[in-house]
Amino acid sequence: MENRKKNVLSAIQPTGDLHLGNYFGAVKNWVAIQEKYNAVYGVVNYHTMTMPYKAANLQEATWKMIFMVMACGVKVENLFIQSLIPEHAELTWIFGCTCSYGELARMTQFKDKGEQLKEGDKEAFVSAGLFYYPVLQAADILIYHADLVPVGKDQEQHLELSRNIAARFNRQFNKEYFVHPEPLYTETPKVLSLADPTRKMSKSLGEKHYVNLFGDADRIRKQVRSAVTDTGERNDVMSAGVSNLFELLKACEKHDIRQSLLDDYSSGALKYADLKEAVVEALIELTQPLKENLAAIQADKRM
Ligand code: TRP
């Protein structure tokens with residue numbers, strides 16, 4: 001018991017194609033830690049229903065996400081689909097009675113997402129599901145007795161709620177049944193939008209802001225070549241756009257090329273076109289095999 005592997009739980013929503021930010025920020029790390037820990041990773045399609053989504057596509061998007069994370073190297077036996085496991089919804093009900101209305105009302109993500117919806121449309125539909133979302137997330141985590149949850153800053157509050165729910169449940173039922181999950185912090189590269197490097201790479205910003213991990217090489221080439229570099233404010237600090245391109249080289253583990261381009265930058269001899277070409281090459285080298293993996297998985301009739 002003492003030496004058992006710790007349980008890790010993480011999850012991703014099936015909101016469409018994976019981009020470089022998802023890959024470097026989450027999925028690559030899932031692959032890296034899946035041997036060291038007893039890892040379980042979910043495609044959480046009930047969560048996706050809390051924001052506007054295309055109902056007719058959700059099933060397909062769920063399976064596509066499974067295939068994409070497998071193509072990145074996640075082992076199929078470590079994966080689950082939230083809606084196929086009734087306990088997620090059942091435990092959500094029980095936990096809903098184990099946390100208070102006030103606790104949920106304090107969740108900043110609920111407030112942010114609610115406001116985001118209202119910005120686009122004053123009459124926007126803010127569902128009760130969006131309010132309940134952190135309870136479902138607590139069920140995801142606690143069902144698997146997760147010791148550790150790899151999280152970003154934006155999910156810390158939800159994890160804390162999961163711990164409070166576990167503690168309250170254990171007290172009410174007078175049994176140390178649920179584990180208290182702790183955050184697992186890992187250094188992951190922060191990938192910014194190529195079109196607006198002051199913001200995190202994200203699909204919600206629009207097409208030109210994110211690089212699809214499974215997109216074709218031509219599109220990657222075009223997007224990187226048109227990446228914003230200097231916006232000309234100051235020249236004593238590296239601009240966000242240039243630093244983002246160096247960050248991508250680092251994420252792709254192109255340390256030598258990165259160092260030599262950094263030396264050029266320091267001596268003032270760097271041509272941005274060369275930096276961009278290096279990034280293009282690194283990204284194509286990274287994504288080509290992933291695309292082949294995905295094609296093979298999708299062609300596999302057992303899937
Ligand atoms: N809320 C997470 C997100 O939007 C997704 C998620 C759902 C999750 N359940 C989880 C993450 C359990 C970690 C653990 O990204």
# chains A, B, ... in the order shown; residues from 1 in each chain; ligands from 1
>>> residues_near_ligand(ligand="ligand 1", cutoff="6 Å", atoms="only C-alpha atoms and all ligand atoms", output="PDB file with all heavy atoms, in the first residue's frame")
ATOM      1  N   LEU A   9      -5.734  12.055 -12.094  1.00  0.00           N
ATOM      2  CA  LEU A   9      -6.919  12.190 -12.926  1.00  0.00           C
ATOM      3  C   LEU A   9      -6.870  13.517 -13.644  1.00  0.00           C
ATOM      4  O   LEU A   9      -6.586  14.551 -13.038  1.00  0.00           O
ATOM      5  CB  LEU A   9      -8.165  12.111 -12.030  1.00  0.00           C
ATOM      6  CG  LEU A   9      -9.589  12.165 -12.610  1.00  0.00           C
ATOM      7  CD1 LEU A   9     -10.003  13.567 -13.054  1.00  0.00           C
ATOM      8  CD2 LEU A   9      -9.807  11.190 -13.759  1.00  0.00           C
ATOM      9  N   SER A  10      -7.104  13.483 -14.946  1.00  0.00           N
ATOM     10  CA  SER A  10      -7.257  14.740 -15.658  1.00  0.00           C
ATOM     11  C   SER A  10      -8.303  14.560 -16.743  1.00  0.00           C
ATOM     12  O   SER A  10      -8.712  13.440 -17.048  1.00  0.00           O
ATOM     13  CB  SER A  10      -5.933  15.215 -16.245  1.00  0.00           C
ATOM     14  OG  SER A  10      -6.067  16.569 -16.637  1.00  0.00           O
ATOM     15  N   ALA A  11      -8.744  15.659 -17.318  1.00  0.00           N
ATOM     16  CA  ALA A  11      -9.827  15.548 -18.288  1.00  0.00           C
ATOM     17  C   ALA A  11      -9.780  16.703 -19.271  1.00  0.00           C
ATOM     18  O   ALA A  11      -9.247  17.769 -18.974  1.00  0.00           O
ATOM     19  CB  ALA A  11     -11.166  15.533 -17.565  1.00  0.00           C
ATOM     20  N   ILE A  12     -10.369  16.437 -20.423  1.00  0.00           N
ATOM     21  CA  ILE A  12     -10.417  17.463 -21.467  1.00  0.00           C
ATOM     22  C   ILE A  12     -11.808  17.451 -22.092  1.00  0.00           C
ATOM     23  O   ILE A  12     -12.446  16.398 -22.189  1.00  0.00           O
ATOM     24  CB  ILE A  12      -9.308  17.208 -22.518  1.00  0.00           C
ATOM     25  CG1 ILE A  12      -9.133  18.409 -23.439  1.00  0.00           C
ATOM     26  CG2 ILE A  12      -9.575  15.934 -23.348  1.00  0.00           C
ATOM     27  CD1 ILE A  12      -7.822  18.399 -24.229  1.00  0.00           C
ATOM     28  N   GLN A  13     -12.270  18.613 -22.478  1.00  0.00           N
ATOM     29  CA  GLN A  13     -13.587  18.689 -23.116  1.00  0.00           C
ATOM     30  C   GLN A  13     -13.463  18.476 -24.622  1.00  0.00           C
ATOM     31  O   GLN A  13     -12.509  18.949 -25.229  1.00  0.00           O
ATOM     32  CB  GLN A  13     -14.196  20.073 -22.882  1.00  0.00           C
ATOM     33  CG  GLN A  13     -14.446  20.374 -21.427  1.00  0.00           C
ATOM     34  CD  GLN A  13     -15.292  21.620 -21.260  1.00  0.00           C
ATOM     35  OE1 GLN A  13     -16.194  21.893 -22.039  1.00  0.00           O
ATOM     36  NE2 GLN A  13     -14.998  22.380 -20.224  1.00  0.00           N
ATOM     37  N   VAL A  44     -14.564  14.702 -21.266  1.00  0.00           N
ATOM     38  CA  VAL A  44     -15.717  15.054 -20.427  1.00  0.00           C
ATOM     39  C   VAL A  44     -16.769  15.795 -21.255  1.00  0.00           C
ATOM     40  O   VAL A  44     -16.843  17.013 -21.267  1.00  0.00           O
ATOM     41  CB  VAL A  44     -15.270  15.830 -19.161  1.00  0.00           C
ATOM     42  CG1 VAL A  44     -14.619  14.864 -18.166  1.00  0.00           C
ATOM     43  CG2 VAL A  44     -14.291  16.960 -19.481  1.00  0.00           C
ATOM     44  N   GLN A 137     -17.378  18.221 -11.969  1.00  0.00           N
ATOM     45  CA  GLN A 137     -15.918  18.073 -11.967  1.00  0.00           C
ATOM     46  C   GLN A 137     -15.444  17.383 -10.685  1.00  0.00           C
ATOM     47  O   GLN A 137     -14.549  16.528 -10.733  1.00  0.00           O
ATOM     48  CB  GLN A 137     -15.241  19.440 -12.127  1.00  0.00           C
ATOM     49  CG  GLN A 137     -13.732  19.336 -12.174  1.00  0.00           C
ATOM     50  CD  GLN A 137     -13.064  20.566 -12.751  1.00  0.00           C
ATOM     51  OE1 GLN A 137     -13.720  21.462 -13.274  1.00  0.00           O
ATOM     52  NE2 GLN A 137     -11.756  20.624 -12.661  1.00  0.00           N
ATOM     53  N   ASP A 140     -15.968  13.751 -11.185  1.00  0.00           N
ATOM     54  CA  ASP A 140     -14.916  13.206 -12.059  1.00  0.00           C
ATOM     55  C   ASP A 140     -13.673  12.850 -11.252  1.00  0.00           C
ATOM     56  O   ASP A 140     -13.055  11.804 -11.431  1.00  0.00           O
ATOM     57  CB  ASP A 140     -14.456  14.238 -13.110  1.00  0.00           C
ATOM     58  CG  ASP A 140     -15.552  14.666 -14.063  1.00  0.00           C
ATOM     59  OD1 ASP A 140     -16.549  13.941 -14.184  1.00  0.00           O
ATOM     60  OD2 ASP A 140     -15.390  15.745 -14.682  1.00  0.00           O
ATOM     61  N   ILE A 141     -13.314  13.768 -10.383  1.00  0.00           N
ATOM     62  CA  ILE A 141     -12.053  13.629  -9.643  1.00  0.00           C
ATOM     63  C   ILE A 141     -12.178  12.588  -8.526  1.00  0.00           C
ATOM     64  O   ILE A 141     -11.327  11.716  -8.364  1.00  0.00           O
ATOM     65  CB  ILE A 141     -11.637  15.002  -9.058  1.00  0.00           C
ATOM     66  CG1 ILE A 141     -11.308  15.974 -10.204  1.00  0.00           C
ATOM     67  CG2 ILE A 141     -10.458  14.860  -8.097  1.00  0.00           C
ATOM     68  CD1 ILE A 141     -11.153  17.419  -9.764  1.00  0.00           C
TER      69      ILE A 141
END
>>> select_by_dssp(residues="region 39-180 of chain A", states="alpha helix (DSSP H)", output="PyMOL selection string")
chain A and resi 45-48+58-71+86-96+101-105+108-120+128-143+156-172
>>> residues_around(residues="region 161-171 of chain A", least_positions_apart="6", cutoff="9 Å", atoms="only C-alpha atoms", output="list in words")
Phe95, Thr98, Cys99, Glu103, Leu104, Pro134, Val135, Gln137, Ala138, Ala139, Ile141, Leu142, Tyr177, Phe178, Val179, His180, Pro181 and Glu182 of chain A
>>> write_last_selection(atoms="C-alpha atoms", output="PDB file, in the first residue's frame")
ATOM      1  CA  PHE A  95     -22.349  15.983  -4.240  1.00  0.00           C
ATOM      2  CA  THR A  98     -22.882  18.071  -0.156  1.00  0.00           C
ATOM      3  CA  CYS A  99     -21.941  21.597  -1.169  1.00  0.00           C
ATOM      4  CA  GLU A 103     -19.940  27.912  -2.559  1.00  0.00           C
ATOM      5  CA  LEU A 104     -20.972  27.445  -6.186  1.00  0.00           C
ATOM      6  CA  PRO A 134     -17.836  22.282 -10.589  1.00  0.00           C
ATOM      7  CA  VAL A 135     -19.941  19.590  -8.883  1.00  0.00           C
ATOM      8  CA  GLN A 137     -15.918  18.073 -11.967  1.00  0.00           C
ATOM      9  CA  ALA A 138     -15.701  17.030  -8.303  1.00  0.00           C
ATOM     10  CA  ALA A 139     -17.441  13.767  -9.223  1.00  0.00           C
ATOM     11  CA  ILE A 141     -12.053  13.629  -9.643  1.00  0.00           C
ATOM     12  CA  LEU A 142     -13.375  11.858  -6.559  1.00  0.00           C
ATOM     13  CA  TYR A 177     -14.136   7.260   1.798  1.00  0.00           C
ATOM     14  CA  PHE A 178     -12.997   9.946  -0.640  1.00  0.00           C
ATOM     15  CA  VAL A 179      -9.385  10.952  -1.070  1.00  0.00           C
ATOM     16  CA  HIS A 180      -8.470  14.632  -0.815  1.00  0.00           C
ATOM     17  CA  PRO A 181      -7.083  15.476  -4.249  1.00  0.00           C
ATOM     18  CA  GLU A 182      -4.068  17.765  -4.467  1.00  0.00           C
TER      19      GLU A 182
END
>>> atom_distance(atom1="CA of Tyr185 (chain A)", atom2="CA of Val151 (chain A)")
6.5 Å
>>> closest_residue(among="A:Tyr37, A:Phe67, A:Lys113, A:Ala240", to="Ala299 (chain A)", atoms="only C-alpha atoms")
A:Phe67
>>> closest_atom_pairs(of="region 162-256 of chain A", to="region 263-280 of chain A", cutoff="12 Å", atoms="only C-alpha atoms", output="JSON lines")
{"residue": "A:Leu194", "atom": "CA", "partner": "A:Lys276", "partner_atom": "CA", "distance": 11.2}
{"residue": "A:Val211", "atom": "CA", "partner": "A:Val280", "partner_atom": "CA", "distance": 11.2}
{"residue": "A:Asp216", "atom": "CA", "partner": "A:Val280", "partner_atom": "CA", "distance": 11.7}
{"residue": "A:Ala217", "atom": "CA", "partner": "A:Val280", "partner_atom": "CA", "distance": 8.5}
{"residue": "A:Asp218", "atom": "CA", "partner": "A:Val280", "partner_atom": "CA", "distance": 9.7}
{"residue": "A:Arg219", "atom": "CA", "partner": "A:Val280", "partner_atom": "CA", "distance": 10.2}
{"residue": "A:Ile220", "atom": "CA", "partner": "A:Val280", "partner_atom": "CA", "distance": 6.9}
{"residue": "A:Arg221", "atom": "CA", "partner": "A:Val280", "partner_atom": "CA", "distance": 5.7}
{"residue": "A:Lys222", "atom": "CA", "partner": "A:Val280", "partner_atom": "CA", "distance": 9.0}
{"residue": "A:Gln223", "atom": "CA", "partner": "A:Val280", "partner_atom": "CA", "distance": 9.1}
{"residue": "A:Val224", "atom": "CA", "partner": "A:Lys276", "partner_atom": "CA", "distance": 6.2}
{"residue": "A:Arg225", "atom": "CA", "partner": "A:Lys276", "partner_atom": "CA", "distance": 6.0}
{"residue": "A:Ser226", "atom": "CA", "partner": "A:Lys276", "partner_atom": "CA", "distance": 8.9}
{"residue": "A:Ala227", "atom": "CA", "partner": "A:Lys276", "partner_atom": "CA", "distance": 8.2}
{"residue": "A:Val228", "atom": "CA", "partner": "A:Tyr272", "partner_atom": "CA", "distance": 10.2}
{"residue": "A:Thr229", "atom": "CA", "partner": "A:Tyr272", "partner_atom": "CA", "distance": 7.7}
{"residue": "A:Asp230", "atom": "CA", "partner": "A:Tyr272", "partner_atom": "CA", "distance": 9.4}
{"residue": "A:Asn235", "atom": "CA", "partner": "A:Gly268", "partner_atom": "CA", "distance": 10.7}
{"residue": "A:Asp236", "atom": "CA", "partner": "A:Ser266", "partner_atom": "CA", "distance": 10.6}
{"residue": "A:Val237", "atom": "CA", "partner": "A:Ser266", "partner_atom": "CA", "distance": 10.7}
{"residue": "A:Met238", "atom": "CA", "partner": "A:Tyr265", "partner_atom": "CA", "distance": 9.1}
{"residue": "A:Ser239", "atom": "CA", "partner": "A:Tyr265", "partner_atom": "CA", "distance": 11.6}
{"residue": "A:Gly241", "atom": "CA", "partner": "A:Tyr272", "partner_atom": "CA", "distance": 10.5}
{"residue": "A:Val242", "atom": "CA", "partner": "A:Tyr272", "partner_atom": "CA", "distance": 8.1}
{"residue": "A:Ser243", "atom": "CA", "partner": "A:Leu275", "partner_atom": "CA", "distance": 10.6}
{"residue": "A:Asn244", "atom": "CA", "partner": "A:Val279", "partner_atom": "CA", "distance": 10.3}
{"residue": "A:Leu245", "atom": "CA", "partner": "A:Val279", "partner_atom": "CA", "distance": 6.7}
{"residue": "A:Phe246", "atom": "CA", "partner": "A:Leu275", "partner_atom": "CA", "distance": 7.9}
{"residue": "A:Glu247", "atom": "CA", "partner": "A:Val279", "partner_atom": "CA", "distance": 9.6}
{"residue": "A:Leu248", "atom": "CA", "partner": "A:Val279", "partner_atom": "CA", "distance": 6.8}
{"residue": "A:Leu249", "atom": "CA", "partner": "A:Val279", "partner_atom": "CA", "distance": 6.0}
{"residue": "A:Lys250", "atom": "CA", "partner": "A:Val279", "partner_atom": "CA", "distance": 9.7}
{"residue": "A:Ala251", "atom": "CA", "partner": "A:Val279", "partner_atom": "CA", "distance": 10.3}
{"residue": "A:Cys252", "atom": "CA", "partner": "A:Val279", "partner_atom": "CA", "distance": 8.7}
{"residue": "A:Glu253", "atom": "CA", "partner": "A:Val279", "partner_atom": "CA", "distance": 10.9}
{"residue": "A:Lys254", "atom": "CA", "partner": "A:Ala278", "partner_atom": "CA", "distance": 8.8}
{"residue": "A:His255", "atom": "CA", "partner": "A:Ala278", "partner_atom": "CA", "distance": 11.3}
{"residue": "A:Asp256", "atom": "CA", "partner": "A:Asp263", "partner_atom": "CA", "distance": 10.7}
>>> closest_residue(among="A:Tyr41, A:Tyr46, A:Phe24, A:Phe131", to="Gly102 (chain A)", atoms="only C-alpha atoms")
A:Phe131
>>> closest_atom_pairs(of="region 22-118 of chain A", to="region 293-298 of chain A", cutoff="8 Å", atoms="only C-alpha atoms", output="JSON lines")
{"residue": "A:Phe67", "atom": "CA", "partner": "A:Leu294", "partner_atom": "CA", "distance": 6.5}
{"residue": "A:Met68", "atom": "CA", "partner": "A:Leu294", "partner_atom": "CA", "distance": 6.2}
{"residue": "A:Met70", "atom": "CA", "partner": "A:Leu294", "partner_atom": "CA", "distance": 7.7}
{"residue": "A:Ala71", "atom": "CA", "partner": "A:Asn293", "partner_atom": "CA", "distance": 5.0}
{"residue": "A:Cys72", "atom": "CA", "partner": "A:Asn293", "partner_atom": "CA", "distance": 7.8}
